[in-house]
file model.txt (compact mmCIF, C-alpha atoms)
# COMPACT_ATOMS: atom_id res chain seq x y z
CA MET A 38 -25.78 5.71 16.94
CA ASN A 39 -24.61 9.31 17.40
CA SER A 40 -22.57 11.21 14.84
CA ASN A 41 -19.27 10.44 16.59
CA ASP A 42 -20.03 6.72 16.53
CA VAL A 43 -20.84 6.99 12.84
CA GLY A 44 -17.54 8.74 12.17
CA ARG A 45 -15.63 6.19 14.22
CA GLU A 46 -17.25 3.28 12.45
CA ARG A 47 -16.52 4.86 9.08
CA HIS A 48 -12.82 5.20 9.94
CA ARG A 49 -12.67 1.65 11.24
CA ARG A 50 -14.31 0.26 8.14
CA PHE A 51 -11.97 2.21 5.89
CA ASP A 52 -8.92 1.05 7.87
CA ARG A 53 -10.08 -2.52 7.67
CA VAL A 54 -10.60 -2.46 3.93
CA VAL A 55 -7.46 -0.51 3.11
CA SER A 56 -5.09 -2.48 5.32
CA VAL A 57 -6.13 -5.66 3.54
CA PHE A 58 -6.03 -4.41 -0.02
CA HIS A 59 -3.49 -1.59 -0.24
CA ARG A 60 -0.81 -3.96 -1.55
CA ASP A 61 -3.07 -5.08 -4.37
CA MET A 62 -3.93 -1.46 -5.13
CA TYR A 63 -0.28 -0.49 -5.38
CA ARG A 64 0.78 -3.47 -7.48
CA TYR A 65 -2.13 -3.05 -9.86
CA ALA A 66 -1.33 0.66 -10.21
CA ALA A 67 2.38 -0.02 -10.69
CA TRP A 68 1.77 -2.52 -13.47
CA LEU A 69 -0.83 -0.28 -15.09
CA CYS A 70 1.39 2.77 -15.28
CA ARG A 71 4.78 1.01 -15.05
CA ASP A 72 6.19 3.66 -12.74
CA PRO A 73 6.44 3.27 -8.94
CA GLY A 74 6.30 7.02 -8.31
CA ILE A 75 3.18 7.50 -10.39
CA ALA A 76 1.67 4.38 -8.83
CA GLU A 77 2.04 5.89 -5.37
CA GLU A 78 0.30 9.07 -6.52
CA VAL A 79 -2.47 7.10 -8.17
CA VAL A 80 -2.99 5.05 -5.01
CA GLN A 81 -3.13 8.19 -2.88
CA GLU A 82 -5.82 9.65 -5.13
CA ALA A 83 -7.65 6.34 -5.17
CA LEU A 84 -7.62 6.11 -1.37
CA LEU A 85 -9.02 9.60 -1.09
CA ARG A 86 -11.78 8.81 -3.56
CA ALA A 87 -12.52 5.54 -1.79
CA TRP A 88 -12.81 7.37 1.52
CA LYS A 89 -15.24 9.89 0.07
CA SER A 90 -17.40 7.24 -1.57
CA LEU A 91 -17.12 4.52 1.06
CA ASP A 92 -20.89 4.46 1.49
CA ALA A 93 -21.17 3.23 -2.09
CA LEU A 94 -19.44 0.00 -1.07
CA ARG A 95 -22.38 -2.08 0.14
CA GLU A 96 -20.46 -5.13 1.30
CA ASP A 97 -16.86 -5.34 2.44
CA GLY A 98 -16.64 -8.62 0.54
CA ALA A 99 -16.81 -6.63 -2.68
CA ALA A 100 -14.04 -4.24 -1.60
CA LYS A 101 -11.26 -5.61 -3.78
CA PRO A 102 -12.85 -5.15 -7.25
CA TRP A 103 -14.32 -1.87 -6.02
CA LEU A 104 -10.90 -0.53 -4.99
CA LEU A 105 -9.23 -1.80 -8.15
CA THR A 106 -11.87 -0.09 -10.27
CA ILE A 107 -11.10 3.16 -8.46
CA VAL A 108 -7.36 2.65 -9.05
CA ARG A 109 -8.02 2.02 -12.75
CA ARG A 110 -10.03 5.26 -13.07
CA GLU A 111 -7.51 7.27 -11.12
CA ASN A 112 -4.72 5.97 -13.30
CA ALA A 113 -6.63 7.08 -16.41
CA ARG A 114 -7.32 10.47 -14.80
CA TYR A 115 -3.66 10.87 -13.92
CA PHE A 116 -2.55 10.42 -17.50
CA GLU A 117 -5.34 12.68 -18.76
CA ARG A 118 -4.46 15.37 -16.27
CA LYS A 119 -0.75 15.29 -17.04
CA ARG A 120 -1.43 14.91 -20.73
CA LEU A 121 0.95 12.01 -20.83
CA GLU A 122 0.62 9.36 -23.44
CA THR A 123 2.28 6.50 -21.61
CA VAL A 124 5.50 5.87 -19.78
CA ASP A 125 8.51 5.72 -22.09
CA ILE A 126 9.78 2.19 -21.52
CA ASP A 127 13.04 2.84 -23.35
CA ALA A 128 14.08 5.64 -20.99
CA LEU A 129 13.58 4.17 -17.56
CA SER A 130 13.90 6.29 -14.45
CA PRO A 131 15.94 4.93 -11.53
CA ALA A 132 12.67 4.05 -9.76
CA GLN A 133 11.43 2.09 -12.77
CA THR A 134 14.76 0.32 -13.07
CA ALA A 135 14.57 -0.56 -9.38
CA MET A 136 11.05 -1.90 -9.81
CA LEU A 137 12.29 -4.32 -12.45
CA ALA A 138 15.51 -5.21 -10.70
CA GLU A 139 14.10 -6.26 -7.35
CA THR A 140 15.09 -9.85 -7.93
CA ASP A 141 18.41 -11.67 -8.07
CA ASP A 142 16.91 -14.46 -10.17
CA PRO A 143 17.91 -13.77 -13.81
CA GLU A 144 15.00 -15.80 -15.20
CA LEU A 145 12.55 -13.86 -13.07
CA TYR A 146 14.20 -10.62 -14.09
CA ASP A 147 13.80 -11.47 -17.78
CA LEU A 148 10.17 -12.38 -17.25
CA ARG A 149 9.52 -9.15 -15.37
CA GLN A 150 11.11 -7.18 -18.21
CA ALA A 151 8.95 -9.05 -20.71
CA ILE A 152 5.79 -8.30 -18.72
CA TYR A 153 6.86 -4.68 -18.49
CA ARG A 154 7.19 -4.50 -22.28
CA LEU A 155 3.82 -6.13 -22.95
CA GLU A 156 1.21 -3.86 -24.48
CA ASP A 157 -1.26 -2.41 -21.95
CA ASP A 158 -4.12 -4.42 -23.46
CA TYR A 159 -2.35 -7.66 -22.67
CA ARG A 160 -0.58 -6.72 -19.44
CA GLU A 161 -3.63 -5.49 -17.55
CA PRO A 162 -5.85 -8.61 -17.83
CA LEU A 163 -2.82 -10.74 -17.00
CA VAL A 164 -2.18 -8.79 -13.79
CA LEU A 165 -5.85 -9.00 -12.85
CA GLN A 166 -5.97 -12.73 -13.44
CA VAL A 167 -2.63 -13.95 -12.16
CA LEU A 168 -1.90 -11.48 -9.39
CA MET A 169 -5.37 -10.40 -8.29
CA GLY A 170 -7.05 -13.75 -8.79
CA HIS A 171 -9.93 -12.33 -10.82
CA SER A 172 -12.00 -14.60 -13.02
CA THR A 173 -12.30 -13.76 -16.72
CA LYS A 174 -15.87 -12.66 -16.04
CA GLU A 175 -14.70 -10.21 -13.36
CA ILE A 176 -11.93 -8.93 -15.63
CA ALA A 177 -14.44 -8.44 -18.42
CA GLU A 178 -16.67 -6.40 -16.12
CA LEU A 179 -13.80 -4.31 -14.80
CA MET A 180 -12.36 -3.59 -18.24
CA GLY A 181 -15.76 -3.20 -19.94
CA MET A 182 -15.12 -6.00 -22.43
CA GLN A 183 -16.63 -9.27 -23.56
CA GLN A 184 -15.37 -12.34 -21.72
CA GLY A 185 -14.26 -13.91 -24.99
CA ALA A 186 -12.11 -10.90 -25.78
CA VAL A 187 -10.49 -11.13 -22.35
CA LEU A 188 -9.63 -14.79 -22.92
CA THR A 189 -8.12 -13.96 -26.29
CA ARG A 190 -5.94 -11.26 -24.76
CA LEU A 191 -4.84 -13.54 -21.96
CA HIS A 192 -3.98 -16.28 -24.39
CA ARG A 193 -1.95 -13.89 -26.53
CA ALA A 194 -0.26 -12.35 -23.50
CA ARG A 195 1.03 -15.72 -22.32
CA ILE A 196 2.15 -16.78 -25.78
CA LYS A 197 4.02 -13.49 -26.22
CA LEU A 198 5.65 -13.83 -22.83
CA LYS A 199 6.71 -17.40 -23.51
CA GLU A 200 8.24 -16.37 -26.82
CA GLU A 201 10.08 -13.48 -25.21
CA VAL A 202 11.46 -15.60 -22.39
CA GLU A 203 12.51 -18.39 -24.75
CA LYS A 204 14.19 -15.83 -27.03
CA GLU A 205 16.03 -14.37 -24.06
CA ALA A 206 17.11 -17.81 -22.86
CA ALA A 207 18.44 -18.70 -26.30
CA ALA A 208 20.40 -15.45 -26.60
CA MET B 198 -14.00 -21.55 -14.33
CA THR B 199 -15.58 -24.53 -15.98
CA THR B 200 -16.06 -24.66 -19.70
CA SER B 201 -18.67 -27.07 -20.89
CA LYS B 202 -17.42 -27.52 -24.43
CA GLU B 203 -16.86 -31.20 -25.00
CA ASN B 204 -14.70 -33.01 -27.49
CA MET B 205 -12.02 -30.32 -27.65
CA ASN B 206 -9.18 -30.86 -30.04
CA CYS B 207 -5.55 -30.06 -29.16
CA GLU B 208 -5.62 -26.59 -30.65
CA GLU B 209 -8.83 -25.58 -28.89
CA TYR B 210 -7.63 -27.01 -25.62
CA LYS B 211 -4.28 -25.22 -25.71
CA GLU B 212 -5.87 -21.93 -26.68
CA ALA B 213 -8.38 -22.18 -23.85
CA LEU B 214 -5.73 -23.19 -21.35
CA ALA B 215 -3.43 -20.31 -22.28
CA GLY B 216 -6.37 -18.00 -21.57
CA ASP B 217 -6.82 -19.43 -18.10
CA PRO B 218 -4.45 -22.17 -16.92
CA THR B 219 -6.35 -22.60 -13.66
CA ALA B 220 -9.62 -23.40 -15.40
CA SER B 221 -11.02 -26.87 -15.77
CA PHE B 222 -12.64 -27.75 -19.04
CA GLU B 223 -15.18 -30.52 -19.00
CA GLY B 224 -14.37 -31.67 -22.49
CA GLY B 225 -10.77 -30.56 -22.12
CA ALA B 226 -10.14 -32.66 -19.04
CA VAL B 227 -11.18 -35.73 -20.97
CA HIS B 228 -8.95 -34.66 -23.82
CA ALA B 229 -5.93 -33.86 -21.64
CA ALA B 230 -6.24 -37.18 -19.87
CA THR B 231 -5.77 -39.00 -23.13
CA CYS B 232 -3.38 -36.63 -24.91
CA GLU B 233 0.22 -36.63 -23.69
CA SER B 234 1.09 -33.41 -25.49
CA CYS B 235 -1.82 -31.48 -23.93
CA ALA B 236 -1.16 -32.91 -20.50
CA ALA B 237 2.44 -31.69 -20.75
CA PHE B 238 1.23 -28.32 -22.01
CA THR B 239 -1.05 -28.02 -18.99
CA THR B 240 1.82 -28.65 -16.60
CA GLU B 241 4.03 -26.23 -18.48
CA MET B 242 1.45 -23.43 -18.53
CA ARG B 243 0.65 -23.79 -14.85
CA ALA B 244 4.33 -23.66 -13.95
CA PHE B 245 4.76 -20.63 -16.21
CA ASP B 246 1.84 -18.92 -14.49
CA ALA B 247 3.48 -19.45 -11.11
CA LYS B 248 6.56 -17.67 -12.45
CA ILE B 249 4.45 -14.83 -13.84
CA ALA B 250 2.80 -14.43 -10.44
CA LYS B 251 6.22 -14.23 -8.81
CA ALA B 252 7.43 -11.68 -11.34
CA LEU B 253 4.36 -9.52 -10.82
CA ALA B 254 4.72 -9.50 -7.03
CA ILE B 255 6.91 -6.41 -6.82
CA ASP B 256 7.79 -4.84 -3.49
CA VAL B 257 5.15 -2.57 -2.01
CA PRO B 258 6.13 0.60 -0.15
CA ASP B 259 4.66 1.38 3.25
CA LEU B 260 1.13 2.63 3.13
CA VAL B 261 0.78 6.31 3.93
CA LEU B 262 -2.83 7.37 4.01
CA PRO B 263 -3.74 10.71 2.46
CA GLU B 264 -5.38 13.40 4.54
CA LEU B 265 -8.94 12.18 4.90
CA PRO B 266 -11.43 15.04 4.90
CA ASP B 267 -14.35 15.09 7.28
CA ILE B 268 -17.44 13.69 5.68
CA ALA B 269 -20.38 16.09 5.79
CA ASP B 270 -22.80 15.60 8.71
CA ASP B 271 -20.57 13.06 10.37
CA ASN B 272 -19.18 15.62 12.77
CA VAL B 273 -16.23 13.35 13.38
CA VAL B 274 -14.04 16.08 14.88
CA ASN B 275 -13.71 15.55 18.59
CA VAL B 276 -10.37 17.05 19.47
CA PRO B 277 -9.91 19.95 21.88
CA PHE B 278 -7.88 22.30 19.71
CA LYS B 279 -5.51 24.91 21.03
CA ARG B 280 -4.19 27.99 19.37
CA LYS B 281 -1.20 27.41 17.13
CA GLN B 282 2.08 27.93 18.91
CA THR B 283 5.10 29.72 17.64
CA PHE B 284 8.29 27.73 17.30
CA SER B 285 10.68 28.79 20.04
CA THR B 286 13.64 26.61 19.09
CA PRO B 287 15.82 28.31 16.47
CA THR B 288 15.12 26.69 13.13
CA TRP B 289 18.80 26.18 12.33
CA ILE B 290 19.23 23.95 15.35
CA GLY B 291 16.42 21.80 14.14
CA ILE B 292 17.80 21.66 10.62
CA ALA B 293 21.24 20.70 11.84
CA ALA B 294 19.76 18.10 14.11
CA THR B 295 17.67 16.67 11.35
CA VAL B 296 20.61 16.46 8.99
CA ALA B 297 22.49 14.58 11.68
CA LEU B 298 19.52 12.31 12.26
CA ALA B 299 19.13 11.66 8.55
CA ALA B 300 22.81 10.81 8.32
CA PHE B 301 22.39 8.18 11.00
CA ILE B 302 19.24 6.67 9.71
CA GLY B 303 19.48 4.41 6.69
CA VAL B 304 16.45 4.06 4.52
CA ARG B 305 14.96 0.63 4.85
CA MET B 306 12.07 -0.65 2.85
CA ILE B 307 10.14 -3.22 4.79
CA ASP B 308 6.85 -4.95 4.73
CA LEU B 309 4.72 -3.61 7.51
CA ASP B 310 1.68 -5.72 6.91
CA PRO B 311 0.30 -7.91 9.64
CA GLY B 312 2.45 -10.94 9.94
CA SER B 313 5.63 -9.15 8.91
CA GLY B 314 7.34 -11.00 11.73
CA LEU B 315 8.89 -7.88 13.25
CA SER B 316 8.51 -7.13 16.92
CA LEU B 317 6.58 -3.98 17.78
CA PRO B 318 9.76 -1.97 18.67
CA ASP B 319 11.47 -3.07 15.45
CA GLU B 320 8.44 -2.25 13.35
CA ILE B 321 8.20 1.18 14.94
CA LEU B 322 11.89 1.98 14.39
CA ALA B 323 11.71 0.76 10.80
CA HIS B 324 8.63 2.86 10.20
CA VAL B 325 10.26 5.99 11.55
CA ASP B 326 13.29 5.34 9.34
CA HIS B 327 11.11 5.07 6.30
CA GLU B 328 8.84 8.05 6.93
CA PRO B 329 10.75 11.03 5.50
CA GLY B 330 8.14 13.46 6.76
CA ALA B 331 9.26 12.66 10.26
CA LEU B 332 12.64 14.22 9.51
CA ARG B 333 11.24 17.43 8.12
CA VAL B 334 12.00 20.53 10.14
CA THR B 335 9.53 23.35 10.00
CA ASN B 336 8.07 25.87 12.35
CA VAL B 337 4.70 25.64 10.68
CA ALA B 338 2.09 23.68 12.59
CA VAL B 339 -0.23 21.32 10.77
CA THR B 340 -3.73 22.63 10.24
CA ASP B 341 -6.50 21.84 12.70
CA GLN B 342 -8.28 20.06 9.89
CA LEU B 343 -5.34 17.77 9.20
CA PHE B 344 -4.77 17.14 12.89
CA SER B 345 -8.39 16.22 13.49
CA SER B 346 -8.51 13.93 10.47
CA VAL B 347 -5.51 12.01 11.82
CA VAL B 348 -6.36 12.09 15.52
CA ASN B 349 -9.96 11.26 14.74
CA PRO B 350 -12.73 9.97 16.99
CA SER B 351 -11.88 6.35 16.25
CA VAL B 352 -8.59 7.00 18.05
CA GLY B 353 -9.46 9.44 20.80
CA THR B 354 -8.47 12.95 21.74
CA MET B 355 -5.16 14.69 22.19
CA ASP B 356 -4.35 18.10 23.54
CA ARG B 357 -2.25 20.03 21.03
CA ASP B 358 -0.55 21.94 23.82
CA ILE B 359 2.12 19.27 24.11
CA GLY B 360 4.26 21.02 21.50
CA LEU B 361 4.35 22.31 17.97
CA VAL B 362 2.80 19.55 15.87
CA THR B 363 4.49 19.85 12.49
CA TYR B 364 3.52 16.54 10.94
CA ALA B 365 0.43 14.37 11.10
CA ARG B 366 -0.33 11.33 8.98
CA SER B 367 -2.28 8.14 9.38
CA CYS B 368 0.08 5.20 9.10
CA ILE B 369 -0.12 1.47 9.55
CA ILE B 370 1.67 -0.22 12.42
CA ASN B 371 1.10 -3.89 13.08
CA GLY B 372 -1.79 -3.89 10.61
CA LYS B 373 -3.65 -1.05 12.28
CA THR B 374 -4.00 2.52 11.11
CA ILE B 375 -2.69 4.86 13.78
CA PRO B 376 -1.81 8.56 14.05
CA HIS B 377 1.84 9.40 13.37
CA LEU B 378 2.63 12.86 14.71
CA VAL B 379 5.83 14.86 14.94
CA ILE B 380 6.49 17.64 17.41
CA GLN B 381 9.63 19.73 17.61
CA GLY B 382 11.91 18.94 20.52
CA GLU B 383 15.09 20.56 21.80
CA LYS B 384 17.36 18.55 19.51
CA GLY B 385 15.08 17.96 16.59
CA PRO B 386 11.85 16.26 15.63
CA ILE B 387 10.15 13.93 18.09
CA THR B 388 7.92 11.25 16.65
CA LEU B 389 4.74 10.18 18.41
CA LEU B 390 2.82 7.10 17.40
CA LEU B 391 -0.57 6.79 19.08
CA MET B 392 -1.57 3.13 19.18
CA PRO B 393 -4.95 2.73 20.88
CA ASP B 394 -5.07 -1.03 20.27
CA GLU B 395 -1.47 -2.02 21.09
CA MET B 396 -1.66 -3.11 24.68
CA ILE B 397 1.71 -3.75 26.32
CA ASP B 398 2.59 -4.97 29.80
CA GLY B 399 5.14 -2.29 30.58
CA ALA B 400 7.36 0.38 29.06
CA MET B 401 9.63 -0.80 26.22
CA THR B 402 12.85 0.90 25.24
CA LEU B 403 13.49 1.83 21.63
CA ASP B 404 17.10 1.90 20.58
CA GLY B 405 17.68 2.75 16.94
CA LYS B 406 20.51 4.18 14.92
CA GLY B 407 20.99 7.65 16.34
CA VAL B 408 17.60 7.67 17.98
CA ASN B 409 16.18 6.66 21.30
CA GLY B 410 12.68 6.31 22.54
CA VAL B 411 10.14 4.42 24.49
CA ILE B 412 6.80 2.72 24.11
CA LEU B 413 4.62 3.59 27.05
CA PRO B 414 1.47 1.72 28.04
CA LEU B 415 -1.67 3.81 28.24
CA GLY B 416 -4.90 2.02 29.09
CA GLU B 417 -5.61 -0.57 26.46
CA GLY B 418 -3.14 0.99 24.09
CA SER B 419 0.33 2.45 24.02
CA ILE B 420 2.27 5.42 22.72
CA ALA B 421 5.69 5.38 21.09
CA ILE B 422 7.90 8.45 21.56
CA ILE B 423 11.11 8.65 19.55
CA GLY B 424 13.65 11.44 19.46
CA GLU B 425 17.30 11.92 18.73
CA ARG B 426 19.85 10.06 20.79
CA ASP B 427 20.48 13.02 23.13
CA GLU B 428 16.93 14.35 23.21
CA PRO B 429 15.61 14.51 26.80
CA LEU B 430 12.30 12.70 26.54
CA GLU B 431 11.16 12.36 30.16
CA GLU B 432 9.27 15.63 30.26
CA ILE B 433 7.59 15.13 26.92
CA GLU B 434 6.66 11.55 27.84
CA GLN B 435 4.60 12.75 30.78
CA LYS B 436 3.02 15.52 28.73
CA VAL B 437 2.02 13.13 25.99
CA ILE B 438 0.57 10.57 28.38
CA ASP B 439 -1.45 13.30 30.10
CA SER B 440 -2.70 14.72 26.81
CA VAL B 441 -4.09 11.58 25.21
CA GLU B 442 -7.40 9.92 25.90
CA TRP B 443 -8.50 6.89 23.90
CA SER B 444 -12.04 6.76 22.62
CA THR B 445 -12.65 3.24 23.90
call {"tool": "encode", "arguments": {"input": "model.txt", "output": "structure tokens"}}
result
Amino acid sequence: MNSNDVGRERHRRFDRVVSVFHRDMYRYAAWLCRDPGIAEEVVQEALLRAWKSLDALREDGAAKPWLLTIVRRENARYFERKRLETVDIDALSPAQTAMLAETDDPELYDLRQAIYRLEDDYREPLVLQVLMGHSTKEIAELMGMQQGAVLTRLHRARIKLKEEVEKEAAA
Amino acid sequence: MTTSKENMNCEEYKEALAGDPTASFEGGAVHAATCESCAAFTTEMRAFDAKIAKALAIDVPDLVLPELPDIADDNVVNVPFKRKQTFSTPTWIGIAATVALAAFIGVRMIDLDPGSGLSLPDEILAHVDHEPGALRVTNVAVTDQLFSSVVNPSVGTMDRDIGLVTYARSCIINGKTIPHLVIQGEKGPITLLLMPDEMIDGAMTLDGKGVNGVILPLGEGSIAIIGERDEPLEEIEQKVIDSVEWST
């Protein structure tokens, strides 16, 4: 295979992987940082890093956790670089408001708000499990935690969300 | 996930289920089958999870790939470059034209993933609407590096002599990453989408809000050319067709 073929194959492989998983990358980033604008930046950086280290991905079947790990690191780097603590959830930008208000279903809107307000430690494993379909073992590996601790967080996250939604419904 | 703990009590079962409502618990299944309260809790948690999944599924903007640098030793650049051209059209004409174009074009957020259900012309017009870079007027050409990373060997080659290329990004159309280029025309920016894998039977007309264009077949692929409503495209169409060669 000559160098042009190698370059072509690399582009094709990258396109294949990215076209399948870019939605997951964006949603994971958006729920990590809770800001659509920052999420787009994080995904851009993550795509660039993925491109540069594509050879490290041995099997395309492992692309999803690999890409999400890159997104997670890039999100952390973003906040380190900007010296930001976290997004201020009480002073939402128009983009953040739009992210939460994408639904006409009031129950869904309340639930989305409640997820948005969840602490990072609870929100992240929930996103990985419910949205990304990761097992608790995979979440534990990605977050560098014990599986038991992940289960505890997931349990608490759901209980908190249920309480919030029930409180909202009663109000 | 399967948990092997047998003889769970209600509290243990509910705690485990709230950690993972999709899991099956060997001991828990036996328990839930005989405990009405836990069986109801299982149904409730699974329904709640479905709502959480729906709430988490926020809209995703179109994917715009960053500029991908050449990887060392790959020598992926295979584009016959020409010297940068100066911009002959007065910039103010372009600016005015772009403002007019922007006024006509509403921003639409759409899902451009495979299976979006849009026809190729509709997907192309929606993409152009949503790509603000396409409306940017500048007399500064993109760098050779950027151009070659977008029009890369997996696509083919393109002669830059066709016009002043002021924008180059890799974008996704119909699930495939393709070069999105913009050159400056007489009335404003002209968008070119090079689609090496989109084979069409014949030319297709593009008729958008304030814009007109065409998708032209070229070998096993096609090229979309979109300009302002009154932009004369015939000359540029021929130039573009002559300048592009697919890699496969």
call {"tool": "interface_residues", "arguments": {"input": "model.txt", "of": "chain B", "to": "chain A", "cutoff": "9 Å", "atoms": "all atoms listed in the file", "output": "VMD selection string"}}
result
chain B and resid 198 212 to 217 242 245 to 258 260 to 268 270 to 275 310 to 311 349 to 352 369 372 to 374
call {"tool": "residues_around", "arguments": {"input": "model.txt", "residues": "B:Ala229", "least_positions_apart": "4", "cutoff": "10 Å", "atoms": "all atoms listed in the file", "output": "PyMOL selection string"}}
result
chain B and resi 205-207+210-211+222+224-225+233-239
call {"tool": "atom_distance", "arguments": {"input": "model.txt", "atom1": "atom CA of B:Leu415", "atom2": "atom CA of B:Val339"}}
result
24.8 Å
call {"tool": "atom_distance", "arguments": {"input": "model.txt", "atom1": "atom CA of B:Leu389", "atom2": "atom CA of A:Val79"}}
result
27.7 Å
call {"tool": "atom_distance", "arguments": {"input": "model.txt", "atom1": "atom CA of A:Arg118", "atom2": "atom CA of A:Cys70"}}
result
13.9 Å
